[in-house]
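Coordinates from protein_12.cif are shown below (mmCIF, C-alpha atoms).
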data_protein
loop_
_atom_site.group_PDB
_atom_site.id
_atom_site.type_symbol
_atom_site.label_atom_id
_atom_site.label_comp_id
_atom_site.auth_asym_id
_atom_site.auth_seq_id
_atom_site.Cartn_x
_atom_site.Cartn_y
_atom_site.Cartn_z
ATOM 1 C CA MET A 2 0.000 0.000 0.000
ATOM 2 C CA SER A 3 1.367 3.426 -0.948
ATOM 3 C CA PHE A 4 1.287 6.038 1.783
ATOM 4 C CA GLU A 5 1.709 9.141 -0.373
ATOM 5 C CA LEU A 6 -0.611 11.961 -1.323
ATOM 6 C CA ASP A 7 -1.621 11.965 -4.986
ATOM 7 C CA ARG A 8 1.001 13.781 -7.102
ATOM 8 C CA GLN A 9 -1.552 16.323 -8.313
ATOM 9 C CA ALA A 10 -1.971 17.523 -4.733
ATOM 10 C CA PHE A 11 1.723 18.460 -4.665
ATOM 11 C CA GLU A 12 1.236 21.065 -7.417
ATOM 12 C CA GLY A 13 3.116 24.119 -6.178
ATOM 13 C CA LEU A 14 4.119 22.518 -2.875
ATOM 14 C CA GLY A 15 7.744 21.861 -3.729
ATOM 15 C CA ARG A 16 9.923 19.429 -1.803
ATOM 16 C CA LEU A 17 11.651 21.701 0.641
ATOM 17 C CA CYS A 18 13.293 18.923 2.636
ATOM 18 C CA ALA A 19 14.683 17.105 -0.384
ATOM 19 C CA GLY A 20 18.420 16.725 -0.115
ATOM 20 C CA ALA A 21 18.412 18.018 3.448
ATOM 21 C CA ALA A 22 18.945 16.056 6.655
ATOM 22 C CA GLU A 23 16.789 12.984 7.143
ATOM 23 C CA ASN A 24 14.785 14.776 9.837
ATOM 24 C CA CYS A 25 14.029 18.449 9.333
ATOM 25 C CA ILE A 26 11.623 21.288 10.048
ATOM 26 C CA ILE A 27 11.253 24.316 7.780
ATOM 27 C CA SER A 28 9.352 27.432 8.842
ATOM 28 C CA ALA A 29 7.678 30.010 6.611
ATOM 29 C CA PRO A 30 7.553 33.814 6.905
ATOM 30 C CA ASP A 31 4.183 34.496 8.481
ATOM 31 C CA PRO A 32 2.029 37.289 9.942
ATOM 32 C CA VAL A 33 1.483 37.610 13.685
ATOM 33 C CA GLY A 34 -0.756 34.868 15.032
ATOM 34 C CA MET A 35 0.130 32.312 12.341
ATOM 35 C CA GLU A 36 2.975 29.869 11.817
ATOM 36 C CA ARG A 37 3.436 27.379 8.972
ATOM 37 C CA ILE A 38 5.953 24.561 8.907
ATOM 38 C CA GLU A 39 6.929 21.512 6.919
ATOM 39 C CA ALA A 40 8.377 18.587 8.861
ATOM 40 C CA ARG A 41 9.956 15.304 7.814
ATOM 41 C CA PHE A 42 10.768 12.614 10.357
ATOM 42 C CA HIS A 43 11.637 8.979 10.829
ATOM 43 C CA GLY A 44 10.649 7.236 14.033
ATOM 44 C CA SER A 45 9.455 9.107 17.103
ATOM 45 C CA ALA A 46 9.589 12.867 16.537
ATOM 46 C CA PHE A 47 8.016 14.671 19.493
ATOM 47 C CA ASP A 48 7.657 13.775 23.157
ATOM 48 C CA PRO A 49 4.325 14.652 24.839
ATOM 49 C CA HIS A 50 3.793 18.439 24.786
ATOM 50 C CA ARG A 51 1.115 21.130 24.502
ATOM 51 C CA HIS A 52 0.591 24.137 22.231
ATOM 52 C CA ASN A 53 -1.187 27.350 23.156
ATOM 53 C CA THR A 54 -2.455 27.467 19.565
ATOM 54 C CA TYR A 55 -4.577 25.333 17.296
ATOM 55 C CA ALA A 56 -2.465 22.970 15.194
ATOM 56 C CA ILE A 57 -4.110 22.099 11.863
ATOM 57 C CA GLY A 58 -2.195 20.177 9.242
ATOM 58 C CA VAL A 59 -2.114 17.756 6.332
ATOM 59 C CA THR A 60 -0.135 14.516 6.137
ATOM 60 C CA LEU A 61 1.690 14.417 2.800
ATOM 61 C CA GLN A 62 3.719 11.188 2.913
ATOM 62 C CA GLY A 63 3.852 8.191 5.213
ATOM 63 C CA VAL A 64 1.724 7.445 8.255
ATOM 64 C CA GLN A 65 1.515 10.038 11.018
ATOM 65 C CA THR A 66 0.882 8.561 14.464
ATOM 66 C CA PHE A 67 0.229 10.438 17.684
ATOM 67 C CA ARG A 68 -1.431 10.014 21.062
ATOM 68 C CA TYR A 69 -4.161 12.571 21.718
ATOM 69 C CA ARG A 70 -6.980 12.718 24.280
ATOM 70 C CA GLY A 71 -6.306 9.211 25.555
ATOM 71 C CA ALA A 72 -6.107 7.387 22.220
ATOM 72 C CA VAL A 73 -3.566 6.623 19.492
ATOM 73 C CA ARG A 74 -4.473 8.307 16.212
ATOM 74 C CA LEU A 75 -3.254 7.628 12.661
ATOM 75 C CA SER A 76 -3.275 10.072 9.767
ATOM 76 C CA LEU A 77 -2.696 8.998 6.153
ATOM 77 C CA PRO A 78 -1.751 11.227 3.181
ATOM 78 C CA GLY A 79 -4.497 13.700 2.395
ATOM 79 C CA GLN A 80 -6.029 13.452 5.855
ATOM 80 C CA ILE A 81 -6.297 16.491 8.115
ATOM 81 C CA ILE A 82 -5.159 16.692 11.726
ATOM 82 C CA VAL A 83 -6.890 19.120 14.096
ATOM 83 C CA LEU A 84 -5.318 19.577 17.544
ATOM 84 C CA HIS A 85 -6.823 21.976 20.045
ATOM 85 C CA PRO A 86 -4.918 24.357 22.311
ATOM 86 C CA ASP A 87 -3.520 22.965 25.548
ATOM 87 C CA GLU A 88 -4.189 19.330 24.596
ATOM 88 C CA LEU A 89 -1.315 16.956 25.384
ATOM 89 C CA HIS A 90 -0.016 15.004 22.379
ATOM 90 C CA ASP A 91 3.124 13.455 20.906
ATOM 91 C CA GLY A 92 3.957 12.533 17.312
ATOM 92 C CA GLY A 93 6.048 10.518 14.910
ATOM 93 C CA ALA A 94 6.196 8.260 11.873
ATOM 94 C CA GLY A 95 4.079 5.130 11.936
ATOM 95 C CA THR A 96 6.195 3.172 9.428
ATOM 96 C CA GLU A 97 9.874 2.769 8.584
ATOM 97 C CA ASP A 98 9.350 4.836 5.427
ATOM 98 C CA GLY A 99 9.164 8.013 7.489
ATOM 99 C CA LEU A 100 6.744 10.900 7.536
ATOM 100 C CA ARG A 101 6.225 14.230 5.819
ATOM 101 C CA TYR A 102 3.548 16.750 6.749
ATOM 102 C CA ARG A 103 2.709 20.453 6.817
ATOM 103 C CA MET A 104 1.146 22.179 9.792
ATOM 104 C CA LEU A 105 -0.511 25.503 10.500
ATOM 105 C CA TYR A 106 -0.470 26.940 14.032
ATOM 106 C CA LEU A 107 -3.156 29.549 14.716
ATOM 107 C CA GLU A 108 -3.624 31.798 17.733
ATOM 108 C CA PRO A 109 -7.180 31.390 19.130
ATOM 109 C CA SER A 110 -7.534 35.182 19.314
ATOM 110 C CA LEU A 111 -7.077 35.415 15.550
ATOM 111 C CA MET A 112 -9.780 32.826 15.046
ATOM 112 C CA LEU A 113 -12.208 34.609 17.383
ATOM 113 C CA ASP A 114 -11.854 37.786 15.314
ATOM 114 C CA CYS A 115 -13.063 35.794 12.327
ATOM 115 C CA LEU A 116 -15.928 33.974 14.080
ATOM 116 C CA GLY A 117 -17.950 37.110 14.828
ATOM 117 C CA GLY A 118 -19.068 36.186 18.334
ATOM 118 C CA LEU A 119 -19.346 32.408 17.917
ATOM 119 C CA SER A 120 -17.370 30.134 20.241
ATOM 120 C CA LEU A 121 -14.157 28.437 19.151
ATOM 121 C CA PRO A 122 -14.912 25.177 17.297
ATOM 122 C CA PHE A 123 -14.010 21.870 18.950
ATOM 123 C CA VAL A 124 -13.466 19.056 16.439
ATOM 124 C CA ARG A 125 -13.745 15.772 18.352
ATOM 125 C CA ASP A 126 -12.230 13.670 15.568
ATOM 126 C CA ALA A 127 -8.556 14.616 15.564
ATOM 127 C CA VAL A 128 -8.170 13.109 12.068
ATOM 128 C CA VAL A 129 -10.697 13.954 9.351
ATOM 129 C CA ARG A 130 -11.015 13.367 5.624
ATOM 130 C CA ASP A 131 -12.506 16.276 3.710
ATOM 131 C CA ASP A 132 -11.259 17.187 0.232
ATOM 132 C CA ALA A 133 -12.590 20.763 0.329
ATOM 133 C CA PHE A 134 -11.087 21.350 3.774
ATOM 134 C CA CYS A 135 -7.772 19.894 2.553
ATOM 135 C CA ALA A 136 -7.768 22.166 -0.505
ATOM 136 C CA THR A 137 -8.342 25.196 1.735
ATOM 137 C CA LEU A 138 -5.413 24.205 3.959
ATOM 138 C CA LEU A 139 -3.086 23.522 1.049
ATOM 139 C CA SER A 140 -3.846 26.946 -0.425
ATOM 140 C CA ALA A 141 -1.918 28.365 2.550
ATOM 141 C CA LEU A 142 0.431 25.474 3.269
ATOM 142 C CA GLY A 143 1.423 24.988 -0.370
ATOM 143 C CA PRO A 144 3.400 28.175 -1.095
ATOM 144 C CA LEU A 145 5.596 27.744 1.980
ATOM 145 C CA ARG A 146 8.426 29.905 0.656
ATOM 146 C CA GLN A 147 6.054 32.776 -0.033
ATOM 147 C CA GLU A 148 4.822 35.328 2.510
ATOM 148 C CA LEU A 149 1.039 35.272 2.553
ATOM 149 C CA ASP A 150 -0.784 38.303 1.208
ATOM 150 C CA GLU A 151 -3.010 40.087 3.748
ATOM 151 C CA LEU A 152 -6.098 39.834 1.542
ATOM 152 C CA PHE A 153 -5.440 36.120 1.094
ATOM 153 C CA VAL A 154 -5.144 35.573 4.856
ATOM 154 C CA ALA A 155 -8.517 37.213 5.550
ATOM 155 C CA ASP A 156 -10.327 35.001 3.042
ATOM 156 C CA PHE A 157 -8.345 31.894 4.027
ATOM 157 C CA LEU A 158 -9.281 32.279 7.693
ATOM 158 C CA SER A 159 -12.916 32.806 6.783
ATOM 159 C CA GLN A 160 -12.967 29.579 4.731
ATOM 160 C CA LEU A 161 -10.969 27.674 7.370
ATOM 161 C CA MET A 162 -13.370 28.645 10.165
ATOM 162 C CA ARG A 163 -16.258 27.477 8.016
ATOM 163 C CA SER A 164 -14.652 24.027 7.663
ATOM 164 C CA LEU A 165 -13.726 23.771 11.339
ATOM 165 C CA SER A 166 -17.211 24.814 12.459
ATOM 166 C CA ARG A 167 -18.784 22.238 10.148
ATOM 167 C CA HIS A 168 -16.666 19.412 11.591
ATOM 168 C CA ALA A 169 -17.359 20.682 15.101
ATOM 169 C CA GLY A 170 -21.082 20.381 14.432
ATOM 170 C CA GLN A 171 -21.635 24.100 14.905
ATOM 171 C CA PRO A 172 -24.377 25.594 12.726
ATOM 172 C CA ALA A 173 -23.090 28.127 10.245
ATOM 173 C CA LYS A 174 -23.798 31.712 11.188
ATOM 174 C CA PRO A 175 -26.534 32.891 8.824
ATOM 175 C CA MET A 176 -25.436 35.679 6.522
ATOM 176 C CA ALA A 177 -27.683 38.659 6.119
ATOM 177 C CA ARG A 178 -28.743 39.774 2.662
ATOM 178 C CA THR A 179 -25.722 40.235 0.402
ATOM 179 C CA ALA A 180 -24.135 43.663 0.846
ATOM 180 C CA TRP A 181 -24.042 44.406 -2.885
ATOM 181 C CA ARG A 182 -22.969 48.031 -2.533
ATOM 182 C CA ALA A 183 -20.044 47.181 -0.253
ATOM 183 C CA ALA A 184 -18.984 44.330 -2.553
ATOM 184 C CA ALA A 185 -19.149 46.628 -5.594
ATOM 185 C CA LEU A 186 -17.110 49.313 -3.824
ATOM 186 C CA ALA A 187 -14.449 46.719 -2.997
ATOM 187 C CA ARG A 188 -14.467 45.413 -6.588
ATOM 188 C CA ASP A 189 -14.012 48.894 -8.040
ATOM 189 C CA TYR A 190 -11.258 49.773 -5.576
ATOM 190 C CA LEU A 191 -9.376 46.548 -6.347
ATOM 191 C CA THR A 192 -9.701 47.165 -10.082
ATOM 192 C CA GLU A 193 -8.339 50.694 -9.766
ATOM 193 C CA ASN A 194 -5.410 49.607 -7.577
ATOM 194 C CA ALA A 195 -4.636 46.207 -9.068
ATOM 195 C CA THR A 196 -0.932 46.810 -9.698
ATOM 196 C CA ARG A 197 -0.008 47.582 -6.086
ATOM 197 C CA PRO A 198 -0.490 45.802 -2.748
ATOM 198 C CA VAL A 199 -3.955 46.462 -1.293
ATOM 199 C CA THR A 200 -4.491 45.901 2.423
ATOM 200 C CA SER A 201 -7.566 44.621 4.219
ATOM 201 C CA GLY A 202 -7.611 47.871 6.182
ATOM 202 C CA GLU A 203 -8.061 49.849 2.965
ATOM 203 C CA LEU A 204 -11.039 47.731 1.929
ATOM 204 C CA GLU A 205 -12.545 48.005 5.402
ATOM 205 C CA ALA A 206 -12.313 51.809 5.147
ATOM 206 C CA VAL A 207 -13.852 51.811 1.652
ATOM 207 C CA THR A 208 -16.725 49.400 2.368
ATOM 208 C CA GLY A 209 -17.477 49.805 6.076
ATOM 209 C CA LEU A 210 -17.320 46.016 6.568
ATOM 210 C CA ASP A 211 -14.706 44.117 8.547
ATOM 211 C CA ARG A 212 -12.374 41.955 6.461
ATOM 212 C CA TYR A 213 -14.110 38.659 7.260
ATOM 213 C CA ALA A 214 -17.619 39.935 6.582
ATOM 214 C CA LEU A 215 -16.347 41.487 3.354
ATOM 215 C CA SER A 216 -14.864 38.163 2.303
ATOM 216 C CA ARG A 217 -18.235 36.451 2.787
ATOM 217 C CA HIS A 218 -20.245 39.153 1.007
ATOM 218 C CA PHE A 219 -17.727 39.476 -1.841
ATOM 219 C CA ARG A 220 -17.898 35.727 -2.449
ATOM 220 C CA ALA A 221 -21.696 35.827 -2.378
ATOM 221 C CA ALA A 222 -21.699 38.644 -4.923
ATOM 222 C CA PHE A 223 -18.913 37.609 -7.295
ATOM 223 C CA SER A 224 -18.200 33.916 -6.533
ATOM 224 C CA THR A 225 -14.578 34.625 -5.690
ATOM 225 C CA SER A 226 -12.524 36.246 -2.942
ATOM 226 C CA PRO A 227 -11.167 39.812 -2.979
ATOM 227 C CA HIS A 228 -7.647 38.371 -3.150
ATOM 228 C CA ARG A 229 -8.408 36.147 -6.123
ATOM 229 C CA PHE A 230 -10.240 38.962 -7.889
ATOM 230 C CA LEU A 231 -7.154 41.167 -7.502
ATOM 231 C CA VAL A 232 -4.836 38.445 -8.802
ATOM 232 C CA MET A 233 -7.014 37.908 -11.879
ATOM 233 C CA ARG A 234 -6.983 41.646 -12.678
ATOM 234 C CA ARG A 235 -3.171 41.498 -12.574
ATOM 235 C CA LEU A 236 -3.144 38.446 -14.812
ATOM 236 C CA GLN A 237 -5.420 40.127 -17.339
ATOM 237 C CA ARG A 238 -2.977 43.032 -17.500
ATOM 238 C CA ALA A 239 -0.088 40.576 -17.825
ATOM 239 C CA ARG A 240 -1.719 38.818 -20.779
ATOM 240 C CA ARG A 241 -2.163 42.127 -22.599
ATOM 241 C CA MET A 242 1.513 42.915 -21.984
ATOM 242 C CA ILE A 243 2.546 39.466 -23.230
ATOM 243 C CA ALA A 244 0.549 40.033 -26.419
ATOM 244 C CA ALA A 245 2.390 43.329 -26.848
ATOM 245 C CA GLY A 246 5.708 41.464 -26.691
ATOM 246 C CA GLU A 247 7.015 42.941 -23.437
ATOM 247 C CA PRO A 248 9.667 40.966 -21.460
ATOM 248 C CA LEU A 249 8.243 38.580 -18.863
ATOM 249 C CA ALA A 250 10.463 39.897 -16.063
ATOM 250 C CA GLN A 251 9.183 43.420 -16.705
ATOM 251 C CA ILE A 252 5.597 42.183 -16.890
ATOM 252 C CA ALA A 253 5.861 40.499 -13.474
ATOM 253 C CA VAL A 254 6.845 43.788 -11.820
ATOM 254 C CA GLU A 255 4.510 46.110 -13.713
ATOM 255 C CA ALA A 256 1.488 43.832 -13.306
ATOM 256 C CA GLY A 257 1.929 43.880 -9.518
ATOM 257 C CA PHE A 258 3.465 40.499 -8.687
ATOM 258 C CA THR A 259 6.103 40.046 -5.993
ATOM 259 C CA ASP A 260 8.605 38.525 -8.421
ATOM 260 C CA GLN A 261 8.722 36.398 -11.560
ATOM 261 C CA SER A 262 8.338 33.165 -9.593
ATOM 262 C CA HIS A 263 5.137 34.493 -8.021
ATOM 263 C CA PHE A 264 3.920 35.592 -11.463
ATOM 264 C CA ASN A 265 4.696 32.193 -13.015
ATOM 265 C CA ARG A 266 2.924 30.305 -10.238
ATOM 266 C CA GLN A 267 -0.245 32.419 -10.368
ATOM 267 C CA PHE A 268 -0.346 32.399 -14.181
ATOM 268 C CA LYS A 269 -0.085 28.613 -14.358
ATOM 269 C CA LYS A 270 -2.692 28.214 -11.625
ATOM 270 C CA ALA A 271 -5.127 30.369 -13.600
ATOM 271 C CA PHE A 272 -4.411 29.278 -17.183
ATOM 272 C CA GLY A 273 -2.774 25.852 -16.971
ATOM 273 C CA MET A 274 0.546 26.865 -18.521
ATOM 274 C CA THR A 275 3.510 29.120 -17.797
ATOM 275 C CA PRO A 276 3.689 32.713 -19.086
ATOM 276 C CA GLY A 277 6.609 31.651 -21.296
ATOM 277 C CA ARG A 278 4.517 28.934 -22.952
ATOM 278 C CA TRP A 279 1.603 31.343 -23.360
ATOM 279 C CA SER A 280 3.945 33.889 -24.950
ATOM 280 C CA SER A 281 5.290 31.353 -27.443
ATOM 281 C CA LEU A 282 1.777 30.311 -28.453
ATOM 282 C CA ILE A 283 0.718 33.925 -28.935
ATOM 283 C CA ARG A 284 3.693 34.486 -31.236
ATOM 284 C CA GLU A 285 3.227 31.206 -33.101
ATOM 285 C CA GLY A 286 -0.452 31.854 -33.736
ATOM 286 C CA PRO A 287 -0.281 34.541 -36.473
ATOM 287 C CA ALA A 288 2.545 32.733 -38.257
ATOM 288 C CA ALA A 289 0.556 29.511 -38.299
ATOM 289 C CA ALA A 290 -2.435 31.361 -39.727
#
Written as structure tokens, how would this file's structure read?
Amino acid sequence: MSFELDRQAFEGLGRLCAGAAENCIISAPDPVGMERIEARFHGSAFDPHRHNTYAIGVTLQGVQTFRYRGAVRLSLPGQIIVLHPDELHDGGAGTEDGLRYRMLYLEPSLMLDCLGGLSLPFVRDAVVRDDAFCATLLSALGPLRQELDELFVADFLSQLMRSLSRHAGQPAKPMARTAWRAAALARDYLTENATRPVTSGELEAVTGLDRYALSRHFRAAFSTSPHRFLVMRRLQRARRMIAAGEPLAQIAVEAGFTDQSHFNRQFKKAFGMTPGRWSSLIREGPAAA
């Protein structure tokens, strides 16, 4: 039996521990209240300990075994682990092949800001299988080398709390009628400022909604998040610049991406090919005609 997450799920994840020591931990640059790591271990990794944060992660390779709330738990590739603050647990690899996983540590205070008055969710099953939940986690745990954009974090936390609350058996907080005017104001502001970083605070000032409420109402109105909407505006500009024959390195900067690697990753995610491949097809098209 193969204990490895499907290769497609590794798209954009990279193999940060490859070629490094047999056991390793790699941390990402993160905002206050969040920490992301990748870990690779053989054998027993952690003695019993407690966190003052939530620990939410995805097993990528191998079998992850840990003792939690009086029972031994096993997590296979693609399964999600949810550990609550101040709960004693240990951890390690369940087979001789070793273990690879990524974990997100979240301050409860950050989660409460997102929950809008609801209590913190308690997920009784420490190991769950949920493809949508896994995809949400990997959207933040995948680009481990990259600092997370503030707009992305607001929407990510909103989606994450929705998944946690569902597995905790908490009813979803009903959303009032869609705030169309606020969503439209945010859309227009993002369109006008697409080539520079836009903060959640700016959108809060423009719309009068807090960042988490705005994320929910923006999705209800436009079926996407403010962060994704902004990225797609940048990519539209980039495609026009590619068609005009401008250099890809220049396009990455002028379209508002952090660097060319960031541009390449977002372009491929949106269009299924690299900007270089797109550029060659654009140039080949007229000649072929």
With a distance cut-off of 8 Å and only C-alpha atoms, select the neighbouring residues of Leu149 of chain A, excluding the residue or stretch itself and same-chain residues fewer than 6 positions from it, and output the selection as number ranges by chain.
A: 30-32, 141
For the selection you just gave me, I'd like the residues written to a file as a PDB file, in the frame of the given file, keeping C-alpha atoms.
ATOM      1  CA  PRO A  30       7.553  33.814   6.905  1.00  0.00           C
ATOM      2  CA  ASP A  31       4.183  34.496   8.481  1.00  0.00           C
ATOM      3  CA  PRO A  32       2.029  37.289   9.942  1.00  0.00           C
ATOM      4  CA  ALA A 141      -1.918  28.365   2.550  1.00  0.00           C
TER       5      ALA A 141
END
Which is closest to Ala185 of chain A among A:Phe157, A:Phe123, A:Tyr102, A:Phe223, if we use all atoms listed in the file?
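Comparing A:Phe157, A:Phe123, A:Tyr102, A:Phe223 against Ala185 of chain A, the winner is A:Phe223.
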Gap from atom CA of Ser216 of chain A to atom CA of Leu236 of chain A - Å, one decimal:
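Atom-to-atom, atom CA of Ser216 of chain A to atom CA of Leu236 of chain A, that is 20.7 Å.
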Target residues per the PyMOL selection byres ((chain A and resi 79-94) around 6), formatted as a ChimeraX atom specification
/A:6,43-60,64-69,76-78,95-96,99-100,127-130
Between A:Thr179, A:Arg125, A:Glu108, A:Arg37, which is the closest to Leu138 of chain A once you count only C-alpha atoms?
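Of A:Thr179, A:Arg125, A:Glu108, A:Arg37, the one nearest Leu138 of chain A is A:Arg37, counting only C-alpha atoms.
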So which residues fall inside 8 Å of (-7.8, 44.7, 4.0) if we count only C-alpha atoms? Mind giving them as a list in words?
Glu151, Leu152, Ala155, Val199, Thr200, Ser201, Gly202, Glu203, Leu204, Glu205 and Arg212 of chain A
So that I can check the surroundings of Gly170 of chain A, please list as an mmCIF file with C-alpha atoms, in the coordinates of the input every protein, DNA and RNA residue that reaches within 12 Å of it, counting all atoms listed in the file and ignoring chain neighbours fewer than 6 positions away.
data_model
loop_
_atom_site.group_PDB
_atom_site.id
_atom_site.type_symbol
_atom_site.label_atom_id
_atom_site.label_comp_id
_atom_site.auth_asym_id
_atom_site.auth_seq_id
_atom_site.Cartn_x
_atom_site.Cartn_y
_atom_site.Cartn_z
ATOM 1 C CA SER A 120 -17.370 30.134 20.241
ATOM 2 C CA LEU A 121 -14.157 28.437 19.151
ATOM 3 C CA PRO A 122 -14.912 25.177 17.297
ATOM 4 C CA PHE A 123 -14.010 21.870 18.950
ATOM 5 C CA VAL A 124 -13.466 19.056 16.439
ATOM 6 C CA ARG A 125 -13.745 15.772 18.352
ATOM 7 C CA ASP A 126 -12.230 13.670 15.568
ATOM 8 C CA ARG A 163 -16.258 27.477 8.016
ATOM 9 C CA SER A 164 -14.652 24.027 7.663
#
Between atom CA of Ala184 of chain A and atom CA of His218 of chain A, what is the spacing in Å?
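Separating atom CA of His218 of chain A from atom CA of Ala184 of chain A is a distance of 6.4 Å.
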re atom CA of Arg146 of chain A and atom CA of Trp279 of chain A: distance 25.0 Å
Among listed residues A:Arg240, A:Leu61, A:Val154, A:Leu186, nearest Cys135 of chain A (using only C-alpha atoms)
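Between A:Arg240, A:Leu61, A:Val154, A:Leu186, the residue approaching Cys135 of chain A most closely is A:Leu61.
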Return the single residue from A:Ala133, A:Met242, A:Leu145, A:Leu116 that is closest to Ser28 of chain A, with distances computed using only C-alpha atoms.
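Under the stated criterion, the closest residue is A:Leu145.
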For segment 83-187 of chain A against segment 256-264 of chain A, with a cut-off of 10 Å and counting only C-alpha atoms, what is the closest atom pair and its distance in Å to one decimal for every residue that makes the cut, ordered by chain and number, as CSV?
residue,atom,partner,partner_atom,distance
A:Pro144,CA,A:His263,CA,9.5
A:Gln147,CA,A:His263,CA,8.2
A:Glu148,CA,A:Thr259,CA,9.8
With only C-alpha atoms as the atoms that count, which of A:Ile252, A:Leu105, A:Ala169, A:Leu231 lies nearest to Asp189 of chain A?
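Checking each of A:Ile252, A:Leu105, A:Ala169, A:Leu231 against Asp189 of chain A, counting only C-alpha atoms, the winner is A:Leu231.
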Give the answer as one residue: which of A:Gly143, A:Arg197, A:Ala136, A:Ala177 has the shortest atom-to-atom distance to Ala29 of chain A, using all atoms listed in the file?
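Ranking A:Gly143, A:Arg197, A:Ala136, A:Ala177 by distance to Ala29 of chain A, first place goes to A:Gly143.
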For the structure provided, state which residues fall under the PyMOL selection byres ((chain A and resi 237) around 12), and present them as an mmCIF file with C-alpha atoms, keeping the file's coordinate frame.
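Okay, out_38.cif is ready:
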data_model
loop_
_atom_site.group_PDB
_atom_site.id
_atom_site.type_symbol
_atom_site.label_atom_id
_atom_site.label_comp_id
_atom_site.auth_asym_id
_atom_site.auth_seq_id
_atom_site.Cartn_x
_atom_site.Cartn_y
_atom_site.Cartn_z
ATOM 1 C CA THR A 192 -9.701 47.165 -10.082
ATOM 2 C CA ALA A 195 -4.636 46.207 -9.068
ATOM 3 C CA THR A 196 -0.932 46.810 -9.698
ATOM 4 C CA PHE A 230 -10.240 38.962 -7.889
ATOM 5 C CA LEU A 231 -7.154 41.167 -7.502
ATOM 6 C CA VAL A 232 -4.836 38.445 -8.802
ATOM 7 C CA MET A 233 -7.014 37.908 -11.879
ATOM 8 C CA ARG A 234 -6.983 41.646 -12.678
ATOM 9 C CA ARG A 235 -3.171 41.498 -12.574
ATOM 10 C CA LEU A 236 -3.144 38.446 -14.812
ATOM 11 C CA ARG A 238 -2.977 43.032 -17.500
ATOM 12 C CA ALA A 239 -0.088 40.576 -17.825
ATOM 13 C CA ARG A 240 -1.719 38.818 -20.779
ATOM 14 C CA ARG A 241 -2.163 42.127 -22.599
ATOM 15 C CA MET A 242 1.513 42.915 -21.984
ATOM 16 C CA ILE A 243 2.546 39.466 -23.230
ATOM 17 C CA ALA A 244 0.549 40.033 -26.419
ATOM 18 C CA ILE A 252 5.597 42.183 -16.890
ATOM 19 C CA ALA A 253 5.861 40.499 -13.474
ATOM 20 C CA ALA A 256 1.488 43.832 -13.306
ATOM 21 C CA GLY A 257 1.929 43.880 -9.518
ATOM 22 C CA PHE A 264 3.920 35.592 -11.463
ATOM 23 C CA GLN A 267 -0.245 32.419 -10.368
ATOM 24 C CA PHE A 268 -0.346 32.399 -14.181
ATOM 25 C CA ALA A 271 -5.127 30.369 -13.600
ATOM 26 C CA PHE A 272 -4.411 29.278 -17.183
ATOM 27 C CA PRO A 276 3.689 32.713 -19.086
#
Hits of the PyMOL selection byres ((chain A and resi 117-119) around 10) in this structure, as an mmCIF file with C-alpha atoms, in the coordinates of the input:
data_model
loop_
_atom_site.group_PDB
_atom_site.id
_atom_site.type_symbol
_atom_site.label_atom_id
_atom_site.label_comp_id
_atom_site.auth_asym_id
_atom_site.auth_seq_id
_atom_site.Cartn_x
_atom_site.Cartn_y
_atom_site.Cartn_z
ATOM 1 C CA MET A 112 -9.780 32.826 15.046
ATOM 2 C CA LEU A 113 -12.208 34.609 17.383
ATOM 3 C CA ASP A 114 -11.854 37.786 15.314
ATOM 4 C CA CYS A 115 -13.063 35.794 12.327
ATOM 5 C CA LEU A 116 -15.928 33.974 14.080
ATOM 6 C CA SER A 120 -17.370 30.134 20.241
ATOM 7 C CA LEU A 121 -14.157 28.437 19.151
ATOM 8 C CA PRO A 122 -14.912 25.177 17.297
ATOM 9 C CA SER A 166 -17.211 24.814 12.459
ATOM 10 C CA GLN A 171 -21.635 24.100 14.905
ATOM 11 C CA PRO A 172 -24.377 25.594 12.726
ATOM 12 C CA ALA A 173 -23.090 28.127 10.245
ATOM 13 C CA LYS A 174 -23.798 31.712 11.188
ATOM 14 C CA ASP A 211 -14.706 44.117 8.547
ATOM 15 C CA TYR A 213 -14.110 38.659 7.260
ATOM 16 C CA ALA A 214 -17.619 39.935 6.582
#
Need the axis-aligned box for segment 178-191 of chain A with 3 Å each side, so what are the centre and edges in Å to one decimal, as lines of an AutoDock Vina configuration file?
center_x = -19.1
center_y = 44.8
center_z = -2.7
size_x = 25.4
size_y = 16.0
size_z = 16.7
Neighbour list for Ala187 of chain A as a PyMOL selection string, cut-off 8 Å, only C-alpha atoms, skip fewer than 4 positions in-chain:
chain A and resi 183+191+204+207-208+227
